[in-house]
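Undergrad: You'll find protein_36.txt just under this line, and it carries compact mmCIF, C-alpha atoms and all ligand atoms.
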# COMPACT_ATOMS: atom_id res chain seq x y z
CA MET A 1 0.00 0.00 0.00
CA GLU A 2 1.37 3.39 -0.90
CA ILE A 3 1.18 6.01 1.82
CA GLN A 4 0.28 9.54 0.78
CA PRO A 5 1.69 12.58 2.60
CA PHE A 6 -0.74 14.09 5.12
CA GLU A 7 -2.70 16.94 3.61
CA LYS A 8 -2.75 18.76 6.92
CA LYS A 9 0.55 18.70 8.79
CA ILE A 10 0.71 16.49 11.87
CA TRP A 11 2.46 18.56 14.54
CA LEU A 12 4.73 17.53 17.36
CA SER A 13 2.50 19.38 19.83
CA SER A 14 0.43 22.42 18.92
CA PRO A 15 -2.11 24.63 20.72
CA THR A 16 -5.69 23.33 20.96
CA MET A 17 -8.37 25.94 21.65
CA HIS A 18 -11.84 24.97 22.82
CA GLY A 19 -14.07 28.06 22.94
CA GLU A 20 -14.12 29.11 26.58
CA GLU A 21 -10.79 30.88 26.07
CA ILE A 22 -12.29 33.54 23.78
CA GLN A 23 -15.12 34.21 26.23
CA PHE A 24 -12.68 35.06 29.02
CA VAL A 25 -10.62 37.15 26.59
CA GLN A 26 -13.75 38.89 25.31
CA LYS A 27 -14.74 39.86 28.83
CA ALA A 28 -11.31 41.41 29.36
CA PHE A 29 -11.82 43.43 26.16
CA ASP A 30 -15.38 44.44 27.01
CA THR A 31 -14.31 45.79 30.39
CA ASN A 32 -10.98 47.24 29.17
CA TRP A 33 -9.03 45.08 31.66
CA VAL A 34 -6.43 44.26 29.02
CA SER A 35 -3.28 45.01 31.00
CA THR A 36 -1.42 43.16 33.76
CA VAL A 37 -4.18 43.36 36.39
CA GLY A 38 -7.60 41.74 36.37
CA GLU A 39 -9.98 38.90 37.06
CA ASN A 40 -8.44 36.50 34.54
CA ILE A 41 -5.03 36.73 36.23
CA ASN A 42 -6.52 36.32 39.70
CA GLU A 43 -8.68 33.38 38.65
CA LEU A 44 -5.91 31.64 36.70
CA GLU A 45 -3.58 31.94 39.69
CA ALA A 46 -6.27 30.63 42.04
CA GLY A 47 -7.22 27.85 39.62
CA ILE A 48 -3.65 26.61 39.21
CA ALA A 49 -2.94 26.80 42.96
CA ARG A 50 -6.08 24.71 43.59
CA GLU A 51 -5.32 22.22 40.81
CA ILE A 52 -1.66 21.74 41.76
CA GLY A 53 -2.10 22.00 45.50
CA CYS A 54 0.33 24.83 46.20
CA LYS A 55 -0.36 27.91 48.30
CA TYR A 56 0.77 30.62 45.90
CA ALA A 57 0.91 30.98 42.11
CA VAL A 58 2.37 34.07 40.44
CA ALA A 59 1.38 34.53 36.79
CA LEU A 60 4.30 35.60 34.61
CA ALA A 61 5.14 36.31 30.99
CA SER A 62 6.89 32.96 30.46
CA GLY A 63 8.18 29.83 32.11
CA THR A 64 11.67 31.22 31.62
CA SER A 65 10.85 34.31 33.68
CA ALA A 66 9.42 32.01 36.39
CA ILE A 67 12.70 30.07 36.49
CA HIS A 68 14.64 33.33 36.53
CA LEU A 69 12.72 34.60 39.57
CA ALA A 70 13.10 31.18 41.24
CA VAL A 71 16.87 31.36 40.72
CA LYS A 72 16.93 34.86 42.23
CA LEU A 73 14.75 33.80 45.18
CA ALA A 74 17.15 30.92 45.78
CA GLY A 75 19.88 33.52 46.10
CA VAL A 76 22.12 32.48 43.22
CA LYS A 77 24.99 34.97 42.89
CA GLN A 78 27.97 35.39 40.60
CA GLY A 79 30.13 32.26 40.57
CA ASP A 80 27.67 30.08 42.53
CA LYS A 81 27.40 26.54 41.22
CA VAL A 82 23.90 25.30 40.41
CA PHE A 83 23.29 21.61 39.68
CA CYS A 84 20.98 21.38 36.65
CA THR A 85 19.33 18.59 34.71
CA ASP A 86 21.57 18.04 31.67
CA THR A 87 19.05 16.84 29.10
CA THR A 88 16.56 19.68 28.99
CA PHE A 89 15.49 22.73 27.05
CA ALA A 90 17.98 25.60 27.44
CA ALA A 91 15.38 27.69 29.30
CA THR A 92 16.06 25.62 32.43
CA VAL A 93 19.66 26.78 32.53
CA ASN A 94 19.80 30.23 30.92
CA PRO A 95 18.40 32.02 34.01
CA VAL A 96 21.34 30.65 36.04
CA CYS A 97 23.60 32.45 33.58
CA TYR A 98 21.50 35.64 33.73
CA GLU A 99 22.55 35.73 37.40
CA LYS A 100 26.16 34.80 36.48
CA GLY A 101 25.88 31.51 38.30
CA GLU A 102 27.76 28.47 37.07
CA PRO A 103 25.59 25.57 35.88
CA VAL A 104 26.96 22.09 36.57
CA PHE A 105 25.15 19.50 34.48
CA ILE A 106 23.91 16.28 36.04
CA ASP A 107 23.45 13.26 33.76
CA MET A 108 20.14 11.42 33.40
CA GLU A 109 19.18 7.93 34.55
CA ARG A 110 17.60 5.39 32.21
CA GLY A 111 14.42 4.78 34.24
CA SER A 112 12.77 8.17 33.65
CA TRP A 113 15.26 10.07 31.48
CA ASN A 114 15.66 12.57 34.29
CA MET A 115 18.34 13.74 36.72
CA ASP A 116 20.19 10.73 38.12
CA PRO A 117 20.16 10.85 41.95
CA THR A 118 23.44 8.89 42.03
CA ALA A 119 25.14 11.48 39.82
CA LEU A 120 23.61 14.24 41.96
CA GLU A 121 25.11 12.72 45.11
CA LYS A 122 28.44 12.45 43.36
CA ALA A 123 28.20 16.13 42.38
CA PHE A 124 27.61 17.13 46.01
CA GLU A 125 30.72 15.16 46.99
CA MET A 126 32.73 17.01 44.34
CA TYR A 127 31.24 20.46 44.98
CA PRO A 128 29.78 20.42 48.52
CA GLU A 129 29.46 24.21 48.58
CA THR A 130 26.60 24.04 46.05
CA LYS A 131 23.33 25.43 47.40
CA VAL A 132 20.82 25.17 44.52
CA VAL A 133 19.53 22.32 42.31
CA ILE A 134 17.20 22.66 39.31
CA VAL A 135 15.40 19.46 38.38
CA VAL A 136 13.30 18.97 35.23
CA ASN A 137 10.50 16.48 34.49
CA LEU A 138 11.41 15.73 30.89
CA TYR A 139 8.57 15.27 28.39
CA GLY A 140 6.08 15.17 31.28
CA VAL A 141 7.62 12.22 33.15
CA PRO A 142 8.40 13.05 36.80
CA ALA A 143 12.01 12.70 37.94
CA LYS A 144 12.80 10.64 41.06
CA LEU A 145 11.60 13.64 43.01
CA ASP A 146 11.59 12.27 46.55
CA GLU A 147 15.15 10.96 46.26
CA ILE A 148 16.34 14.21 44.72
CA LYS A 149 14.55 16.22 47.41
CA ARG A 150 16.14 14.05 50.12
CA ILE A 151 19.63 14.58 48.67
CA CYS A 152 19.02 18.35 48.51
CA ASP A 153 17.80 18.41 52.14
CA LYS A 154 20.78 16.36 53.30
CA ASN A 155 23.13 18.84 51.66
CA GLY A 156 21.25 21.97 52.73
CA ALA A 157 20.47 22.88 49.12
CA ILE A 158 17.34 24.54 47.76
CA LEU A 159 15.43 22.56 45.14
CA ILE A 160 13.85 24.36 42.17
CA GLU A 161 11.49 22.23 40.12
CA ASP A 162 11.18 23.10 36.44
CA ALA A 163 7.78 21.55 35.79
CA ALA A 164 7.35 23.40 32.48
CA GLU A 165 6.71 20.16 30.57
CA SER A 166 4.90 18.22 33.29
CA LEU A 167 1.84 20.23 34.35
CA GLY A 168 -0.74 17.77 35.69
CA ALA A 169 1.71 14.88 36.17
CA THR A 170 1.89 13.33 39.64
CA TYR A 171 4.65 11.65 41.65
CA LYS A 172 3.57 9.47 44.59
CA GLY A 173 0.20 11.16 44.47
CA ALA A 174 1.46 14.76 44.58
CA GLN A 175 1.44 17.10 41.60
CA THR A 176 4.74 18.03 39.98
CA GLY A 177 5.47 21.69 40.64
CA THR A 178 5.15 21.18 44.40
CA PHE A 179 8.42 19.39 45.19
CA GLY A 180 10.74 22.38 44.99
CA LYS A 181 10.82 25.36 47.34
CA TYR A 182 10.25 27.34 44.14
CA ASN A 183 8.67 25.78 41.08
CA ALA A 184 8.05 26.90 37.51
CA ILE A 185 5.42 25.93 34.97
CA SER A 186 5.05 27.11 31.37
CA PHE A 187 2.07 27.97 29.19
CA ASN A 188 4.11 28.23 25.99
CA GLY A 189 2.29 27.33 22.78
CA ASN A 190 3.56 23.77 22.56
CA LYS A 191 2.94 22.82 26.20
CA ILE A 192 0.05 20.69 27.52
CA ILE A 193 -2.06 23.84 27.98
CA THR A 194 -1.18 27.30 26.75
CA THR A 195 -1.80 31.00 27.22
CA SER A 196 -0.02 31.54 23.86
CA GLY A 197 2.98 32.49 25.97
CA GLY A 198 3.22 32.55 29.74
CA GLY A 199 4.29 30.81 32.88
CA MET A 200 3.95 30.75 36.64
CA LEU A 201 6.05 30.58 39.75
CA LEU A 202 4.55 28.18 42.31
CA THR A 203 5.52 28.15 45.98
CA ASP A 204 4.19 27.63 49.50
CA ASP A 205 6.34 30.49 50.78
CA GLU A 206 4.22 33.63 51.16
CA ASN A 207 7.17 36.03 51.24
CA ALA A 208 8.62 34.47 48.10
CA ALA A 209 5.32 34.94 46.29
CA ILE A 210 5.08 38.58 47.40
CA THR A 211 8.68 39.22 46.37
CA ALA A 212 8.26 37.54 42.97
CA ARG A 213 5.12 39.55 42.30
CA LYS A 214 6.96 42.75 43.15
CA TRP A 215 10.05 41.92 41.07
CA SER A 216 7.84 40.98 38.12
CA THR A 217 6.24 44.44 38.07
CA GLN A 218 9.46 46.51 38.12
CA SER A 219 9.98 46.30 41.88
CA ARG A 220 7.88 49.32 42.71
CA GLU A 221 7.85 50.13 46.40
CA ASN A 222 4.77 51.25 48.25
CA ALA A 223 5.21 55.03 47.83
CA PRO A 224 3.32 57.90 46.15
CA TRP A 225 5.96 58.02 43.36
CA TYR A 226 8.02 55.40 41.53
CA GLN A 227 10.24 54.27 44.36
CA HIS A 228 12.77 51.44 43.89
CA LYS A 229 14.97 49.43 46.22
CA ASP A 230 15.42 46.25 44.15
CA LEU A 231 16.19 45.53 40.53
CA GLY A 232 12.90 45.05 38.70
CA TYR A 233 11.57 43.13 35.68
CA ASN A 234 8.65 43.46 33.32
CA TYR A 235 7.61 39.82 33.76
CA ARG A 236 3.91 39.96 34.66
CA MET A 237 1.31 38.06 32.60
CA SER A 238 -1.33 40.05 30.74
CA ASN A 239 -5.00 39.71 31.70
CA ILE A 240 -5.80 38.88 28.06
CA LEU A 241 -3.47 35.89 27.98
CA ALA A 242 -4.63 34.80 31.43
CA GLY A 243 -8.10 34.58 29.86
CA VAL A 244 -6.76 32.06 27.36
CA GLY A 245 -5.26 30.15 30.28
CA ARG A 246 -8.53 30.11 32.23
CA GLY A 247 -10.27 28.49 29.29
CA GLN A 248 -7.43 26.03 28.76
CA LEU A 249 -7.31 24.97 32.40
CA LEU A 250 -10.83 23.58 32.01
CA HIS A 251 -9.34 21.10 29.51
CA LEU A 252 -6.08 20.08 31.20
CA LYS A 253 -7.33 16.63 32.21
CA GLU A 254 -8.79 16.04 28.76
CA HIS A 255 -5.47 16.96 27.10
CA ILE A 256 -3.62 14.58 29.42
CA ALA A 257 -6.05 11.75 28.59
CA GLN A 258 -5.55 12.39 24.85
CA LYS A 259 -1.76 12.44 25.23
CA LYS A 260 -1.83 9.25 27.25
CA ALA A 261 -3.92 7.52 24.59
CA ILE A 262 -1.35 8.62 21.98
CA TYR A 263 1.53 7.20 24.06
CA MET A 264 -0.29 3.88 24.58
CA ARG A 265 -1.16 3.61 20.90
CA TYR A 266 2.49 4.07 19.94
CA LYS A 267 3.59 1.56 22.55
CA GLU A 268 1.19 -1.04 21.20
CA GLY A 269 2.01 -0.17 17.55
CA PHE A 270 5.76 -0.55 18.09
CA LYS A 271 5.67 -3.76 20.13
CA ASP A 272 7.30 -5.81 17.35
CA LEU A 273 9.97 -3.20 16.54
CA PRO A 274 13.43 -3.11 18.19
CA VAL A 275 12.47 0.06 20.09
CA THR A 276 11.16 1.19 23.48
CA MET A 277 9.10 4.20 24.53
CA ASN A 278 10.38 6.90 26.90
CA PRO A 279 10.14 5.07 30.20
CA TYR A 280 8.38 5.77 33.49
CA ASP A 281 7.75 3.78 36.65
CA GLU A 282 3.99 3.35 36.87
CA THR A 283 4.24 2.26 40.50
CA VAL A 284 5.40 5.73 41.58
CA CYS A 285 4.18 8.25 39.03
CA GLU A 286 1.61 9.22 36.46
CA PRO A 287 3.14 11.38 33.69
CA ASN A 288 1.11 13.92 31.71
CA PHE A 289 2.44 12.22 28.53
CA TRP A 290 3.19 15.61 26.96
CA LEU A 291 5.49 14.12 24.31
CA SER A 292 5.75 10.49 23.26
CA CYS A 293 9.32 9.48 22.48
CA MET A 294 11.00 6.35 21.24
CA LEU A 295 14.43 4.86 21.69
CA ILE A 296 15.97 2.53 19.11
CA ASN A 297 17.80 -0.53 20.44
CA LYS A 298 21.58 -0.27 20.04
CA ASP A 299 21.78 -3.26 17.69
CA ALA A 300 19.00 -1.87 15.49
CA MET A 301 20.77 1.45 14.83
CA CYS A 302 22.07 2.07 11.33
CA GLU A 303 25.03 4.41 10.95
CA GLN A 304 24.12 8.02 11.64
CA LYS A 305 26.37 11.07 11.38
CA ARG A 306 25.44 14.33 13.05
CA SER A 307 27.49 17.52 13.06
CA ASP A 308 26.42 20.77 14.75
CA THR A 309 24.25 21.70 11.77
CA LYS A 310 23.69 18.61 9.58
CA ALA A 311 22.54 15.01 9.91
CA SER A 312 22.93 12.05 7.56
CA TYR A 313 22.66 8.27 7.75
CA VAL A 314 23.52 5.10 5.85
CA LYS A 315 20.47 2.97 5.11
CA GLU A 316 20.76 -0.59 6.34
CA SER A 317 18.17 -3.35 6.07
CA GLY A 318 16.40 -4.18 9.34
CA LYS A 319 17.83 -1.08 11.02
CA SER A 320 17.05 2.60 11.30
CA CYS A 321 18.04 5.73 13.23
CA PRO A 322 16.44 8.98 14.44
CA THR A 323 17.69 10.86 11.37
CA GLU A 324 16.03 8.42 8.95
CA ILE A 325 12.76 8.40 10.89
CA LEU A 326 12.62 12.19 11.26
CA GLU A 327 13.43 12.74 7.58
CA THR A 328 10.82 10.17 6.56
CA LEU A 329 8.16 11.70 8.81
CA ALA A 330 8.93 15.13 7.34
CA LYS A 331 8.51 13.71 3.82
CA TYR A 332 4.99 12.67 4.80
CA ASN A 333 4.28 16.09 6.36
CA ALA A 334 4.56 14.99 9.98
CA GLU A 335 6.72 16.67 12.62
CA GLY A 336 8.99 14.76 14.98
CA ARG A 337 12.06 16.13 16.74
CA PRO A 338 15.37 14.84 18.04
CA ILE A 339 15.64 14.32 21.79
CA TRP A 340 16.64 17.60 23.46
CA LYS A 341 20.38 17.84 22.95
CA PRO A 342 22.10 17.61 26.35
CA MET A 343 23.42 20.91 27.69
CA HIS A 344 26.94 19.55 28.21
CA LEU A 345 27.13 18.93 24.44
CA GLN A 346 26.06 22.48 23.58
CA GLU A 347 28.72 24.86 22.30
CA ILE A 348 27.61 27.60 24.70
CA PHE A 349 28.31 25.27 27.67
CA LYS A 350 31.44 23.59 26.32
CA ASP A 351 33.49 24.74 29.33
CA SER A 352 30.87 23.74 31.92
CA LYS A 353 31.19 20.76 34.25
CA PHE A 354 29.26 17.55 33.67
CA VAL A 355 28.78 14.88 36.33
CA SER A 356 27.60 11.37 35.49
CA ALA A 357 27.35 8.08 37.35
CA GLU A 358 27.77 5.64 34.45
CA GLY A 359 29.20 6.93 31.19
CA ASP A 360 27.20 9.54 29.35
CA VAL A 361 23.57 8.42 29.33
CA GLY A 362 22.33 11.75 27.94
CA ALA A 363 24.52 11.48 24.83
CA ASP A 364 23.37 7.89 24.27
CA ILE A 365 19.65 8.77 24.50
CA PHE A 366 20.24 11.79 22.24
CA GLU A 367 21.92 9.50 19.69
CA ARG A 368 19.22 6.81 19.63
CA GLY A 369 16.02 8.61 20.64
CA LEU A 370 13.45 10.90 19.07
CA CYS A 371 10.24 12.73 19.91
CA LEU A 372 7.23 11.46 17.96
CA PRO A 373 4.31 13.48 16.60
CA SER A 374 2.28 13.90 19.81
CA ASP A 375 -0.37 16.43 18.88
CA ASN A 376 -3.66 15.86 20.67
CA LYS A 377 -5.59 16.72 17.50
CA MET A 378 -4.01 13.76 15.66
CA THR A 379 -6.71 11.14 15.00
CA PRO A 380 -6.16 7.42 15.73
CA GLU A 381 -6.28 6.81 11.95
CA GLU A 382 -3.55 9.39 11.36
CA GLN A 383 -1.48 7.92 14.16
CA ASP A 384 -1.81 4.46 12.63
CA ILE A 385 -0.29 5.86 9.43
CA ILE A 386 2.57 7.43 11.43
CA ILE A 387 3.18 4.05 13.03
CA GLU A 388 3.21 2.35 9.62
CA ILE A 389 5.63 4.96 8.23
CA ILE A 390 8.01 4.27 11.12
CA LYS A 391 7.68 0.50 10.78
CA ARG A 392 8.74 0.76 7.15
CA CYS A 393 11.94 2.55 8.20
CA PHE A 394 13.02 -0.73 9.80
CA ILE A 395 12.45 -2.86 6.68
C1 LIG B 1 9.22 25.22 27.68
C2 LIG B 1 10.22 25.01 28.72
C3 LIG B 1 10.68 26.07 29.51
C4 LIG B 1 10.43 27.51 29.22
O1 LIG B 1 9.15 27.93 29.19
P1 LIG B 1 8.74 29.22 28.33
O2 LIG B 1 7.34 29.47 28.80
O3 LIG B 1 8.84 28.85 26.90
O4 LIG B 1 9.65 30.34 28.69
C5 LIG B 1 11.55 25.79 30.54
N1 LIG B 1 11.96 24.54 30.79
C6 LIG B 1 11.55 23.50 30.06
C7 LIG B 1 12.04 22.13 30.41
C8 LIG B 1 10.68 23.69 28.99
O5 LIG B 1 10.32 22.66 28.23
Have the structure of the file written as structure tokens, please.
Ligand SMILES: *Cc1c(COP(=O)(O)O)cnc(C)c1O
TA:
Amino acid sequence: MEIQPFEKKIWLSSPTMHGEEIQFVQKAFDTNWVSTVGENINELEAGIAREIGCKYAVALASGTSAIHLAVKLAGVKQGDKVFCTDTTFAATVNPVCYEKGEPVFIDMERGSWNMDPTALEKAFEMYPETKVVIVVNLYGVPAKLDEIKRICDKNGAILIEDAAESLGATYKGAQTGTFGKYNAISFNGNKIITTSGGGMLLTDDENAAITARKWSTQSRENAPWYQHKDLGYNYRMSNILAGVGRGQLLHLKEHIAQKKAIYMRYKEGFKDLPVTMNPYDETVCEPNFWLSCMLINKDAMCEQKRSDTKASYVKESGKSCPTEILETLAKYNAEGRPIWKPMHLQEIFKDSKFVSAEGDVGADIFERGLCLPSDNKMTPEEQDIIIEIIKRCFI
């Protein structure tokens, strides 16, 4: 059977609007509350705090700004080391550099593709002066959060949880975004729910929430004129975008159910291929299944060459590689993506330290893994075609 390219592109993960969003936005327009104060902001903050089970939520312009304020709240200063998840999106780490801190990258473990607690312990032995750790829940799968929290506590370090990709995921019954002293979520366009662009800082610390709110609105002091003691930022979320978020929040659980169905369908579809899905331990966590990923067995990898800007491969019968699969998907008008390239392999961080427990797991997963089309608007029929396209790469 010949497969035709999709007429409408199948996306990796794209925004899905439902209708309530525009009603909240419309109300903001009708009442002229279109700036950085208003009911949509208050209600979105309250709604997220309720949903996640944290005391305070501060609505911001992006997840990156939330991480930046978390890094500042944690007191990171010039030259301070910060242990960071290595395989992540750069937005986890950049705010450390905004504050002139020094990121030290911690390798991943194979069970959840997240920060390896063993490597983290090793890092504390090497650099015991370190006071801040940023952990990520990659692709919506929670890291070993209780172990990581315990190691941080033991070493007197503050944990920041970057839950940008994992909103709605739980670990031992608790929502991600509650394990750190300061936590960040993102409402970027490709995340599980979106405000088009936005994020939040989550915390149980009242003073931290008050401080973050103040910093995010240019650090104005309580005075009749513009009075400033602290450095300020223009990081507050707009009441228009918060309206989008209010509508989206009504559909968080539905999006998670759709993403989970996509993951399970891939898992079933690939059961005869020499591949595995991105792993999680179902006895301790429930991911939000934001992105479905696959990993090709070592002995089923054909030769693949990747430079900083180009990728190529040598076709081999019975084998494939991420480059072949991604190129083939693109030919059929479907979007996949390589696994996030580990930070310690990025040119910008070439002089940074990298701590691992067993070789370089991040580089191995980057070499053999890829993110699959995971859009919640993809139909089961379309997904079946994606699965067939990928199967044929292994012929
Ligand atoms: C998306 C993302 C961010 C940044 O969020 P923005 O809202 O795009 O600024 C941070 N960390 C991770 C792991 C992300 O995936």
Undergrad: At a cut-off of 9 Å around ligand LIG 1 (chain B), and using all atoms listed in the file, what residues come up? Please write them as a ChimeraX atom specification.
TA: /A:60-67,87-93,136-139,162-166,184-191,197-200
Undergrad: Between A:Ile52, A:Ile134, A:Ile210, A:Val76, which has the minimum distance to Thr176 in chain A (counting only C-alpha atoms)?
TA: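 Distance minimum relative to Thr176 in chain A lands on A:Ile52.
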Undergrad: Using all atoms listed in the file - which residues lie no farther than 12 Å from the point (-3.9, 25.6, 47.9) in the file's frame? Write them as a list in words.
TA: Glu45, Ala46, Gly47, Ile48, Ala49, Arg50, Glu51, Ile52, Gly53, Cys54, Lys55, Tyr56, Ala57, Gln175, Thr178, Leu202, Thr203, Asp204, Asp205 and Glu206 of chain A
Undergrad: Separation of CA of Pro279 in chain A and CA of Arg110 in chain A, in Å?
TA: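 Pair CA of Pro279 in chain A / CA of Arg110 in chain A returns 7.7 Å.
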Undergrad: Which residues are near Val275 in chain A? Cut-off 10 Å, only C-alpha atoms, ignore same chain within fewer than 2 positions. Put them as a PyMOL selection string.
TA: chain A and resi 267+270-273+277-278+294-298+300-301+368-369
Undergrad: By how many Å are CA of Glu324 in chain A and CA of Ile339 in chain A apart?
TA: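 CA of Ile339 in chain A lies 14.1 Å from CA of Glu324 in chain A.
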Undergrad: Give me the range 210-262 of chain A side of the contact with range 24-40 of chain A, cut-off 6 Å, one line per residue showing its nearest atom pair and distance in Å at one decimal, counting all atoms listed in the file, sorted by chain and residue number, as JSON lines.
TA:
{"residue": "A:Met237", "atom": "CA", "partner": "A:Thr36", "partner_atom": "CA", "distance": 5.9}
{"residue": "A:Ser238", "atom": "CA", "partner": "A:Thr36", "partner_atom": "CA", "distance": 4.3}
{"residue": "A:Asn239", "atom": "CA", "partner": "A:Thr36", "partner_atom": "CA", "distance": 5.4}
{"residue": "A:Ile240", "atom": "CA", "partner": "A:Val25", "partner_atom": "CA", "distance": 5.3}
{"residue": "A:Ala242", "atom": "CA", "partner": "A:Asn40", "partner_atom": "CA", "distance": 5.2}
{"residue": "A:Gly243", "atom": "CA", "partner": "A:Phe24", "partner_atom": "CA", "distance": 4.7}
Undergrad: Nearest to Pro287 in chain A: which of A:Ala357, A:Leu201, A:Ile256, A:Cys371 is it, counting only C-alpha atoms?
TA: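 Once distances to Pro287 in chain A are computed over only C-alpha atoms, the minimum belongs to A:Ile256.
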Undergrad: Please report the interatomic distance between CA of Val314 in chain A and CA of Ile365 in chain A in Å with one decimal.
TA: 19.4 Å
Undergrad: Please write as a list in words the list of polymer residues whose atoms come within 10 Å of (19.4, 21.0, 49.9), counting only C-alpha atoms and keeping to the coordinates of the file.
TA: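 Returned residue set, sorted by chain then number, is Phe124, Thr130, Lys131, Val132, Val133, Ile148, Lys149, Arg150, Ile151, Cys152, Asp153, Lys154, Asn155, Gly156, Ala157, Ile158, Leu159 and Lys181 of chain A.
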Undergrad: For Leu241 in chain A, which of A:Ile387, A:Met378, A:Leu44, A:Ile3 is the closest residue, counting all atoms listed in the file?
TA: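 Checking each candidate against Leu241 in chain A, we get A:Leu44 as the closest.
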